[in-house]
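Visitor: My file is model13.cif. It has mmCIF, C-alpha atoms:
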data_my_file
#
loop_
_atom_site.group_PDB
_atom_site.id
_atom_site.type_symbol
_atom_site.label_atom_id
_atom_site.label_comp_id
_atom_site.auth_asym_id
_atom_site.auth_seq_id
_atom_site.Cartn_x
_atom_site.Cartn_y
_atom_site.Cartn_z
ATOM 1 C CA MET A 247 64.948 5.111 -12.781
ATOM 2 C CA ASN A 248 63.752 4.092 -9.324
ATOM 3 C CA CYS A 249 61.418 1.153 -10.066
ATOM 4 C CA ALA A 250 60.062 1.249 -6.523
ATOM 5 C CA ALA A 251 58.454 4.597 -7.325
ATOM 6 C CA LEU A 252 56.234 2.896 -9.899
ATOM 7 C CA VAL A 253 54.724 0.419 -7.437
ATOM 8 C CA SER A 254 51.265 1.377 -6.103
ATOM 9 C CA PRO A 255 51.002 1.545 -2.310
ATOM 10 C CA PRO A 256 48.988 -1.171 -0.537
ATOM 11 C CA LEU A 257 45.284 -0.480 -0.001
ATOM 12 C CA GLY A 258 45.718 0.214 3.739
ATOM 13 C CA VAL A 259 48.441 2.761 3.008
ATOM 14 C CA LEU A 260 46.274 4.355 0.320
ATOM 15 C CA THR A 261 43.416 4.745 2.784
ATOM 16 C CA ILE A 262 45.741 6.429 5.275
ATOM 17 C CA LEU A 263 47.043 8.765 2.574
ATOM 18 C CA LEU A 264 43.510 9.687 1.560
ATOM 19 C CA ALA A 265 42.605 10.330 5.177
ATOM 20 C CA PHE A 266 45.520 12.771 5.440
ATOM 21 C CA ALA A 267 44.380 14.371 2.170
ATOM 22 C CA ILE A 268 40.986 15.050 3.741
ATOM 23 C CA GLY A 269 42.517 16.193 6.988
ATOM 24 C CA PRO A 270 41.346 15.569 10.551
ATOM 25 C CA ALA A 271 39.580 18.928 10.658
ATOM 26 C CA ASP A 272 37.352 17.994 7.686
ATOM 27 C CA ALA A 273 36.614 14.554 9.156
ATOM 28 C CA ASN A 274 35.637 16.078 12.488
ATOM 29 C CA ALA A 275 33.499 18.662 10.715
ATOM 30 C CA GLN A 276 31.629 15.918 8.883
ATOM 31 C CA LYS A 277 31.071 14.007 12.142
ATOM 32 C CA ASP A 278 29.669 17.163 13.697
ATOM 33 C CA LEU A 279 27.373 17.721 10.724
ATOM 34 C CA LEU A 280 26.002 14.179 11.016
ATOM 35 C CA GLN A 281 25.278 14.637 14.722
ATOM 36 C CA GLN A 282 23.612 17.993 14.064
ATOM 37 C CA ALA A 283 21.533 16.490 11.252
ATOM 38 C CA GLU A 284 20.331 13.674 13.520
ATOM 39 C CA MET A 285 19.436 16.200 16.214
ATOM 40 C CA ALA A 286 17.602 18.368 13.685
ATOM 41 C CA TYR A 287 15.625 15.350 12.473
ATOM 42 C CA ASP A 288 14.705 14.372 16.033
ATOM 43 C CA ALA A 289 13.570 17.971 16.614
ATOM 44 C CA GLU A 290 11.406 17.722 13.452
ATOM 45 C CA THR A 291 13.305 20.577 11.774
ATOM 46 C CA TYR A 292 13.538 18.560 8.600
ATOM 47 C CA GLU A 293 14.773 21.240 6.197
ATOM 48 C CA THR A 294 17.667 21.962 8.554
ATOM 49 C CA ALA A 295 18.528 18.260 8.670
ATOM 50 C CA ILE A 296 18.555 18.092 4.865
ATOM 51 C CA SER A 297 20.765 21.176 4.602
ATOM 52 C CA LEU A 298 23.258 19.766 7.106
ATOM 53 C CA VAL A 299 23.511 16.449 5.257
ATOM 54 C CA ASP A 300 23.993 18.245 1.940
ATOM 55 C CA SER A 301 26.856 20.207 3.505
ATOM 56 C CA MET A 302 28.397 16.957 4.704
ATOM 57 C CA VAL A 303 28.173 15.425 1.214
ATOM 58 C CA VAL A 304 29.882 18.487 -0.270
ATOM 59 C CA LEU A 305 32.797 18.076 2.136
ATOM 60 C CA ASP A 306 33.200 14.413 1.134
ATOM 61 C CA THR A 307 34.844 15.241 -2.185
ATOM 62 C CA LEU A 308 36.560 11.846 -2.415
ATOM 63 C CA ASN A 309 33.427 9.803 -1.614
ATOM 64 C CA ILE A 310 35.209 7.796 1.070
ATOM 65 C CA ASN A 311 33.503 8.896 4.296
ATOM 66 C CA ASP A 312 31.674 5.885 5.745
ATOM 67 C CA ASP A 313 29.322 8.199 7.639
ATOM 68 C CA VAL A 314 27.830 9.739 4.490
ATOM 69 C CA PRO A 315 25.430 6.836 3.696
ATOM 70 C CA THR A 316 24.145 7.084 7.281
ATOM 71 C CA ALA A 317 23.685 10.818 6.824
ATOM 72 C CA LEU A 318 21.840 10.278 3.555
ATOM 73 C CA HIS A 319 19.547 7.850 5.385
ATOM 74 C CA VAL A 320 18.737 10.665 7.828
ATOM 75 C CA GLU A 321 18.056 12.982 4.900
ATOM 76 C CA ALA A 322 15.754 10.408 3.301
ATOM 77 C CA LYS A 323 13.805 10.129 6.575
ATOM 78 C CA ALA A 324 13.456 13.911 6.596
ATOM 79 C CA TYR A 325 12.122 13.946 3.035
ATOM 80 C CA LYS A 326 9.665 11.180 3.908
ATOM 81 C CA ALA A 327 8.464 13.083 6.974
ATOM 82 C CA MET A 328 7.876 16.098 4.726
ATOM 83 C CA GLY A 329 5.826 13.986 2.327
ATOM 84 C CA ASP A 330 8.368 14.078 -0.514
ATOM 85 C CA TRP A 331 8.577 10.327 -1.052
ATOM 86 C CA GLU A 332 10.173 10.606 -4.490
ATOM 87 C CA LYS A 333 13.073 12.634 -3.153
ATOM 88 C CA ALA A 334 13.389 10.207 -0.240
ATOM 89 C CA VAL A 335 13.813 7.281 -2.641
ATOM 90 C CA GLU A 336 16.366 9.216 -4.713
ATOM 91 C CA THR A 337 18.365 9.931 -1.554
ATOM 92 C CA LEU A 338 18.265 6.282 -0.508
ATOM 93 C CA ASP A 339 19.508 5.281 -3.948
ATOM 94 C CA GLU A 340 22.406 7.707 -3.475
ATOM 95 C CA ALA A 341 23.175 6.097 -0.102
ATOM 96 C CA LEU A 342 23.078 2.628 -1.675
ATOM 97 C CA ALA A 343 25.362 3.713 -4.513
ATOM 98 C CA ARG A 344 27.931 4.617 -1.868
ATOM 99 C CA ASP A 345 27.258 1.536 0.300
ATOM 100 C CA PRO A 346 25.541 -1.384 -1.500
ATOM 101 C CA PHE A 347 25.493 -3.342 1.795
ATOM 102 C CA PHE A 348 23.380 -0.777 3.683
ATOM 103 C CA ALA A 349 20.427 -2.985 4.697
ATOM 104 C CA ASN A 350 18.503 -0.232 6.502
ATOM 105 C CA ALA A 351 18.439 1.831 3.322
ATOM 106 C CA TYR A 352 16.870 -1.101 1.437
ATOM 107 C CA ILE A 353 14.342 -1.547 4.251
ATOM 108 C CA MET A 354 13.295 2.088 4.195
ATOM 109 C CA LYS A 355 13.157 2.133 0.399
ATOM 110 C CA ALA A 356 10.937 -0.962 0.395
ATOM 111 C CA ARG A 357 8.599 0.615 2.953
ATOM 112 C CA ILE A 358 8.193 3.795 0.923
ATOM 113 C CA LEU A 359 7.653 1.926 -2.346
ATOM 114 C CA ASN A 360 5.090 -0.316 -0.663
ATOM 115 C CA GLU A 361 3.196 2.690 0.684
ATOM 116 C CA ARG A 362 3.233 4.176 -2.813
ATOM 117 C CA GLY A 363 1.740 0.973 -4.194
ATOM 118 C CA GLU A 364 4.873 0.044 -6.145
ATOM 119 C CA THR A 365 4.806 -3.454 -4.720
ATOM 120 C CA VAL A 366 7.052 -5.159 -7.306
ATOM 121 C CA GLU A 367 9.831 -2.643 -6.670
ATOM 122 C CA ALA A 368 9.182 -2.837 -2.933
ATOM 123 C CA MET A 369 9.566 -6.615 -2.980
ATOM 124 C CA ALA A 370 12.863 -6.319 -4.867
ATOM 125 C CA ALA A 371 14.224 -3.922 -2.244
ATOM 126 C CA ALA A 372 12.952 -6.175 0.550
ATOM 127 C CA GLU A 373 14.696 -9.161 -1.003
ATOM 128 C CA GLU A 374 17.978 -7.234 -1.057
ATOM 129 C CA ALA A 375 17.483 -6.385 2.622
ATOM 130 C CA ALA A 376 16.754 -10.050 3.379
ATOM 131 C CA ARG A 377 19.894 -11.111 1.524
ATOM 132 C CA LEU A 378 21.962 -8.788 3.712
ATOM 133 C CA GLU A 379 20.149 -9.470 7.001
ATOM 134 C CA PRO A 380 18.255 -12.781 6.673
ATOM 135 C CA GLN A 381 17.407 -12.897 10.410
ATOM 136 C CA SER A 382 16.029 -9.365 10.606
ATOM 137 C CA LEU A 383 12.549 -9.075 12.122
ATOM 138 C CA ASP A 384 12.168 -5.708 10.369
ATOM 139 C CA VAL A 385 12.610 -7.459 7.034
ATOM 140 C CA GLN A 386 10.064 -10.121 7.985
ATOM 141 C CA MET A 387 7.595 -7.379 8.910
ATOM 142 C CA LEU A 388 8.319 -5.739 5.585
ATOM 143 C CA PHE A 389 7.472 -8.897 3.627
ATOM 144 C CA ALA A 390 4.222 -9.277 5.584
ATOM 145 C CA ASN A 391 3.236 -5.666 4.876
ATOM 146 C CA ILE A 392 3.873 -6.118 1.168
ATOM 147 C CA GLN A 393 1.728 -9.262 1.214
ATOM 148 C CA PHE A 394 -1.041 -7.266 2.903
ATOM 149 C CA LYS A 395 -0.716 -4.491 0.315
ATOM 150 C CA THR A 396 -1.058 -7.005 -2.527
ATOM 151 C CA ASN A 397 -4.222 -8.497 -0.941
ATOM 152 C CA SER A 398 -2.415 -11.745 -0.077
ATOM 153 C CA TYR A 399 -4.074 -11.723 3.338
ATOM 154 C CA GLY A 400 -3.637 -15.409 4.133
ATOM 155 C CA ALA A 401 0.083 -15.256 3.403
ATOM 156 C CA ALA A 402 0.350 -12.038 5.407
ATOM 157 C CA ILE A 403 -1.344 -13.675 8.402
ATOM 158 C CA ASP A 404 1.158 -16.553 8.255
ATOM 159 C CA THR A 405 4.115 -14.164 8.078
ATOM 160 C CA TYR A 406 2.833 -11.966 10.918
ATOM 161 C CA SER A 407 2.277 -15.141 12.963
ATOM 162 C CA ASP A 408 5.842 -16.326 12.304
ATOM 163 C CA LEU A 409 7.131 -12.928 13.357
ATOM 164 C CA LEU A 410 5.056 -12.947 16.549
ATOM 165 C CA SER A 411 6.393 -16.388 17.463
ATOM 166 C CA LEU A 412 9.847 -14.759 17.513
ATOM 167 C CA ASP A 413 8.773 -11.398 18.956
ATOM 168 C CA PRO A 414 5.511 -11.673 20.954
ATOM 169 C CA SER A 415 5.792 -8.020 21.996
ATOM 170 C CA ASN A 416 5.430 -6.660 18.445
ATOM 171 C CA ALA A 417 2.228 -4.609 18.685
ATOM 172 C CA GLU A 418 2.378 -3.572 15.028
ATOM 173 C CA ALA A 419 2.317 -7.218 13.965
ATOM 174 C CA TYR A 420 -0.819 -7.798 16.055
ATOM 175 C CA ILE A 421 -2.454 -4.740 14.492
ATOM 176 C CA MET A 422 -1.624 -5.775 10.944
ATOM 177 C CA ARG A 423 -2.596 -9.403 11.528
ATOM 178 C CA GLY A 424 -5.902 -8.157 12.927
ATOM 179 C CA ARG A 425 -6.454 -6.080 9.797
ATOM 180 C CA SER A 426 -5.627 -9.068 7.620
ATOM 181 C CA ARG A 427 -8.090 -11.241 9.527
ATOM 182 C CA LEU A 428 -10.822 -8.620 9.138
ATOM 183 C CA LYS A 429 -10.271 -8.774 5.386
ATOM 184 C CA LEU A 430 -10.985 -12.519 5.516
ATOM 185 C CA ASP A 431 -13.954 -12.152 7.924
ATOM 186 C CA ARG A 432 -12.080 -13.933 10.701
ATOM 187 C CA LEU A 433 -13.793 -11.635 13.170
ATOM 188 C CA GLU A 434 -13.117 -13.390 16.450
ATOM 189 C CA LYS A 435 -9.389 -13.746 15.802
ATOM 190 C CA ALA A 436 -9.213 -10.135 14.580
ATOM 191 C CA TYR A 437 -10.907 -9.067 17.805
ATOM 192 C CA PHE A 438 -8.359 -10.886 19.974
ATOM 193 C CA ASP A 439 -5.463 -9.433 17.953
ATOM 194 C CA ALA A 440 -6.901 -5.997 18.682
ATOM 195 C CA VAL A 441 -7.233 -6.772 22.393
ATOM 196 C CA ASP A 442 -3.608 -7.941 22.552
ATOM 197 C CA ALA A 443 -2.452 -4.791 20.764
ATOM 198 C CA ILE A 444 -4.485 -2.545 23.089
ATOM 199 C CA GLU A 445 -2.724 -4.098 26.098
ATOM 200 C CA MET A 446 0.638 -3.189 24.550
ATOM 201 C CA VAL A 447 -0.129 0.224 23.020
ATOM 202 C CA PRO A 448 -3.307 1.555 24.692
ATOM 203 C CA GLU A 449 -2.660 5.043 23.327
ATOM 204 C CA ARG A 450 -2.801 4.036 19.649
ATOM 205 C CA PRO A 451 -6.125 4.328 17.789
ATOM 206 C CA GLU A 452 -5.566 1.488 15.295
ATOM 207 C CA PRO A 453 -6.390 -1.515 17.520
ATOM 208 C CA TYR A 454 -9.607 0.163 18.697
ATOM 209 C CA GLN A 455 -10.603 0.525 15.036
ATOM 210 C CA ILE A 456 -10.084 -3.214 14.473
ATOM 211 C CA LYS A 457 -11.922 -4.105 17.675
ATOM 212 C CA ALA A 458 -14.886 -1.848 16.849
ATOM 213 C CA GLU A 459 -15.202 -3.149 13.293
ATOM 214 C CA ALA A 460 -14.989 -6.778 14.410
ATOM 215 C CA GLU A 461 -17.699 -6.162 17.019
ATOM 216 C CA PHE A 462 -19.941 -4.302 14.581
ATOM 217 C CA ARG A 463 -19.682 -6.967 11.911
ATOM 218 C CA ALA A 464 -20.393 -9.627 14.549
ATOM 219 C CA ARG A 465 -23.560 -7.627 15.392
ATOM 220 C CA GLN A 466 -22.330 -6.852 18.893
ATOM 221 C CA PHE A 467 -23.632 -3.333 18.448
ATOM 222 C CA GLN A 468 -23.433 -2.105 22.043
ATOM 223 C CA ASN A 469 -19.810 -3.189 22.307
ATOM 224 C CA ALA A 470 -19.115 -1.632 18.919
ATOM 225 C CA ALA A 471 -20.733 1.658 19.988
ATOM 226 C CA ASN A 472 -18.503 1.764 23.058
ATOM 227 C CA SER A 473 -15.405 0.929 21.030
ATOM 228 C CA TYR A 474 -16.152 3.581 18.407
ATOM 229 C CA ARG A 475 -16.522 6.187 21.159
ATOM 230 C CA THR A 476 -13.146 5.160 22.579
ATOM 231 C CA LEU A 477 -11.681 5.228 19.073
ATOM 232 C CA ALA A 478 -12.847 8.822 18.595
ATOM 233 C CA GLU A 479 -11.219 9.789 21.903
ATOM 234 C CA LYS A 480 -7.950 8.087 20.988
ATOM 235 C CA LEU A 481 -7.932 9.753 17.569
ATOM 236 C CA LYS A 482 -8.416 13.176 19.130
ATOM 237 C CA ALA A 483 -5.600 12.531 21.613
ATOM 238 C CA ALA A 484 -3.336 11.433 18.750
ATOM 239 C CA ASP A 485 -4.227 14.470 16.592
ATOM 240 C CA GLY A 486 -6.055 12.284 14.093
ATOM 241 C CA SER A 487 -7.759 13.813 11.084
ATOM 242 C CA ASP A 488 -11.231 15.350 11.339
ATOM 243 C CA ARG A 489 -12.442 12.790 8.797
ATOM 244 C CA ALA A 490 -11.239 9.857 10.897
ATOM 245 C CA ILE A 491 -12.752 11.261 14.105
ATOM 246 C CA ALA A 492 -16.050 12.051 12.379
ATOM 247 C CA THR A 493 -16.171 8.571 10.855
ATOM 248 C CA ALA A 494 -15.763 7.015 14.316
ATOM 249 C CA TYR A 495 -18.716 9.064 15.623
ATOM 250 C CA SER A 496 -20.743 8.232 12.506
ATOM 251 C CA ASN A 497 -20.094 4.503 12.884
ATOM 252 C CA ARG A 498 -21.077 4.764 16.540
ATOM 253 C CA GLY A 499 -24.304 6.410 15.438
ATOM 254 C CA GLN A 500 -24.996 3.508 13.077
ATOM 255 C CA ALA A 501 -24.398 0.982 15.864
ATOM 256 C CA LEU A 502 -26.783 2.870 18.162
ATOM 257 C CA LEU A 503 -29.369 3.089 15.380
ATOM 258 C CA ASN A 504 -29.177 -0.700 15.044
ATOM 259 C CA LEU A 505 -29.934 -0.863 18.779
ATOM 260 C CA GLU A 506 -32.842 1.571 18.250
ATOM 261 C CA GLN A 507 -31.232 3.992 20.701
ATOM 262 C CA LEU A 508 -32.350 6.866 18.516
ATOM 263 C CA ASP A 509 -31.557 9.868 20.706
ATOM 264 C CA ALA A 510 -28.058 8.594 21.478
ATOM 265 C CA ALA A 511 -27.547 7.843 17.786
ATOM 266 C CA LEU A 512 -28.674 11.344 16.863
ATOM 267 C CA GLY A 513 -26.230 12.876 19.325
ATOM 268 C CA SER A 514 -23.312 10.884 17.935
ATOM 269 C CA LEU A 515 -24.205 11.738 14.329
ATOM 270 C CA ASN A 516 -24.577 15.417 15.183
ATOM 271 C CA ARG A 517 -21.076 15.242 16.633
ATOM 272 C CA ALA A 518 -19.751 13.591 13.464
ATOM 273 C CA ILE A 519 -21.231 16.329 11.273
ATOM 274 C CA GLN A 520 -19.935 19.022 13.613
ATOM 275 C CA VAL A 521 -16.409 17.636 13.290
ATOM 276 C CA ASP A 522 -16.594 17.103 9.505
ATOM 277 C CA PRO A 523 -19.584 18.710 7.751
ATOM 278 C CA SER A 524 -18.579 17.021 4.464
ATOM 279 C CA LEU A 525 -18.976 13.412 5.691
ATOM 280 C CA ALA A 526 -21.768 12.152 3.446
ATOM 281 C CA VAL A 527 -22.444 8.888 5.286
ATOM 282 C CA ALA A 528 -23.169 10.752 8.540
ATOM 283 C CA TYR A 529 -26.022 12.622 6.825
ATOM 284 C CA ARG A 530 -27.341 9.365 5.394
ATOM 285 C CA THR A 531 -27.377 7.688 8.816
ATOM 286 C CA ARG A 532 -28.841 10.748 10.533
ATOM 287 C CA GLY A 533 -31.544 10.750 7.868
ATOM 288 C CA MET A 534 -32.308 7.158 8.842
ATOM 289 C CA VAL A 535 -32.580 8.187 12.502
ATOM 290 C CA TYR A 536 -34.932 11.057 11.663
ATOM 291 C CA GLY A 537 -36.968 8.661 9.547
ATOM 292 C CA GLN A 538 -37.276 6.253 12.492
ATOM 293 C CA LYS A 539 -38.427 9.185 14.616
ATOM 294 C CA GLU A 540 -40.958 10.042 11.874
ATOM 295 C CA ASN A 541 -39.373 13.434 11.233
ATOM 296 C CA ARG A 542 -39.735 13.337 7.464
ATOM 297 C CA GLU A 543 -38.537 16.845 6.576
ATOM 298 C CA PRO A 544 -35.118 16.761 8.323
ATOM 299 C CA ALA A 545 -34.707 13.157 7.167
ATOM 300 C CA CYS A 546 -35.144 14.094 3.521
ATOM 301 C CA THR A 547 -32.921 17.148 3.898
ATOM 302 C CA ASP A 548 -30.171 14.881 5.188
ATOM 303 C CA PHE A 549 -30.693 12.292 2.441
ATOM 304 C CA GLU A 550 -30.403 14.965 -0.246
ATOM 305 C CA LYS A 551 -27.318 16.413 1.459
ATOM 306 C CA ALA A 552 -25.714 12.957 1.532
ATOM 307 C CA LEU A 553 -26.270 12.526 -2.205
ATOM 308 C CA ALA A 554 -24.979 16.026 -2.949
ATOM 309 C CA LEU A 555 -21.763 15.301 -1.034
ATOM 310 C CA GLY A 556 -21.109 12.153 -3.082
ATOM 311 C CA LEU A 557 -22.319 9.214 -1.048
ATOM 312 C CA ASP A 558 -20.394 5.969 -1.555
ATOM 313 C CA ASP A 559 -21.927 3.329 -3.848
ATOM 314 C CA GLU A 560 -22.581 1.131 -0.806
ATOM 315 C CA PHE A 561 -25.441 3.444 0.224
ATOM 316 C CA LYS A 562 -26.113 5.552 -2.868
ATOM 317 C CA SER A 563 -28.830 3.460 -4.556
ATOM 318 C CA GLU A 564 -30.588 2.924 -1.224
ATOM 319 C CA VAL A 565 -30.752 6.663 -0.516
ATOM 320 C CA GLU A 566 -31.772 7.496 -4.083
ATOM 321 C CA GLU A 567 -34.681 5.075 -3.730
ATOM 322 C CA ILE A 568 -35.736 6.659 -0.427
ATOM 323 C CA VAL A 569 -35.580 10.158 -1.908
ATOM 324 C CA GLY A 570 -37.592 9.012 -4.912
ATOM 325 C CA SER A 571 -40.354 7.429 -2.815
ATOM 326 C CA TYR A 572 -40.415 8.474 0.825
ATOM 327 C CA CYS A 573 -39.337 12.057 0.220
ATOM 328 C CA ALA A 574 -41.344 12.513 -2.963
ATOM 329 C CA ALA A 575 -44.501 11.717 -0.995
ATOM 330 C CA GLN A 576 -44.156 14.843 1.153
#
Starting from the file, lay out its structure as structure tokens.

Guide:
Amino acid sequence: MNCAALVSPPLGVLTILLAFAIGPADANAQKDLLQQAEMAYDAETYETAISLVDSMVVLDTLNINDDVPTALHVEAKAYKAMGDWEKAVETLDEALARDPFFANAYIMKARILNERGETVEAMAAAEEAARLEPQSLDVQMLFANIQFKTNSYGAAIDTYSDLLSLDPSNAEAYIMRGRSRLKLDRLEKAYFDAVDAIEMVPERPEPYQIKAEAEFRARQFQNAANSYRTLAEKLKAADGSDRAIATAYSNRGQALLNLEQLDAALGSLNRAIQVDPSLAVAYRTRGMVYGQKENREPACTDFEKALALGLDDEFKSEVEEIVGSYCAAQ
């Protein structure tokens, strides 16, 4: 017997043998599929991207292609873009089973879990990402976002501040720190975070929202009215939802009502209701404007409409009292 035949080949030789078993044609085909999948994702043809990645996985019968985890990451992004977060997480888990050192997969998984409110699981994934890439600013941002999600606003502010000391151009960190400061009524600092973010990303609606809310809560109603108008414009340009656009106009109407600019307030509230006829708070505020103008009948019609649409508790008891007294006296 030839004893040499019983000795296993070294690992490097084994890898070469496996590569020949796959064949250069298959390897090139898988490379092409990955490139096509990335292009399909960039073109927002997400189902095509998913199909291409699945084809690539099928070709990798020996589970040795280093490009497959990257492809699965693309597929997970496609599922997330389609709103199928559960399938996205499953795909990321498949990528991590193939490559346990794939930090970007942990980062994306943590982001999705955090958005879903699964903060304990999100933190675990973030910690794995931090273990693999302890200097990553993306991971630091991830920890701050999880802190924000768990209402740890002070800790989130500290983490966003640490991140900004390393990357002063991070507009998202300014936006999220501004949101955190609003939660703690640190209005002036929230305002300046919004201003800094607007300088960096003037097309994004989020910093205008922070700026407007900080101004409104500081009773700078004219500034708030102007900011809410700009917010509505930015939301429209960014294809924001009808509800978000209508809410911006409604909040502007409230600011103008506080300034006793009744006609301007009425115009803004009419616009809010035109954009989203189901926005209860816009009817409530328009009812207040009509009441100030001593137009009892349209005021009461709006108050009743607001209640019928399911007015938030913040205003519900107030409007019920008005309907029971002011409107009942008609």

Visitor: Looking at all atoms listed in the file, which of A:Arg450, A:Phe347, A:Phe394, A:Ala341 is the one that sits closest to Gly363 in chain A?

Guide: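 So, comparing all the options, the nearest one is A:Phe394.
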
Visitor: Quick one: everything within 12 Å of Asn516 in chain A, counting only C-alpha atoms, minus sequence neighbours fewer than 3 positions away in the same chain. Send it as a list in words.

Guide: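 Contacts, in chain order: Ala492, Thr493, Tyr495, Ser496, Arg498, Gly499, Asp509, Ala510, Ala511, Leu512, Gly513, Ile519, Gln520, Val521, Asp522, Pro523, Leu525, Ala528, Tyr529, Arg530, Thr531, Arg532, Gly533, Val535, Tyr536 and Asp548 of chain A.
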
Visitor: Skip range 551-560 of chain A itself and residues of its chain fewer than 2 positions away, then list as a PyMOL selection string all residues within 7 Å of it, counting all atoms listed in the file.

Guide: chain A and resi 524+526-527+529-530+547-549+562-563

Visitor: Would you please work out which residue, of A:Leu505, A:Asn541, A:Thr294, A:Met534, is nearest to Ile568 in chain A when using all atoms listed in the file?

Guide: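 Closest to Ile568 in chain A of all the choices is A:Met534.
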
Visitor: On this structure, the PyMOL selection byres ((chain A and resi 415-424) around 8) would catch which residues? List them as a VMD selection string, sorted by chain and number.

Guide: chain A and resid 387 391 402 to 403 406 to 407 409 to 410 413 to 414 425 to 428 435 to 440 442 to 443 446 to 447 452 to 453 456

Visitor: Counting only C-alpha atoms, what is within 10 Å of range 328-337 of chain A, bar same-chain residues fewer than 2 positions away, as a ChimeraX atom specification?

Guide: /A:290-293,315,317-326,339-343,351-352,354-356,358-359,361-362

Visitor: Report, in Å to a single decimal, how far apart CA of Ser382 in chain A and CA of Phe348 in chain A are.

Guide: 13.3 Å

Visitor: List the residues selected by the PyMOL selection byres ((chain A and resi 378) around 12) in the file shown, writing them as a PyMOL selection string.

Guide: chain A and resi 346-353+371-377+379-382+385
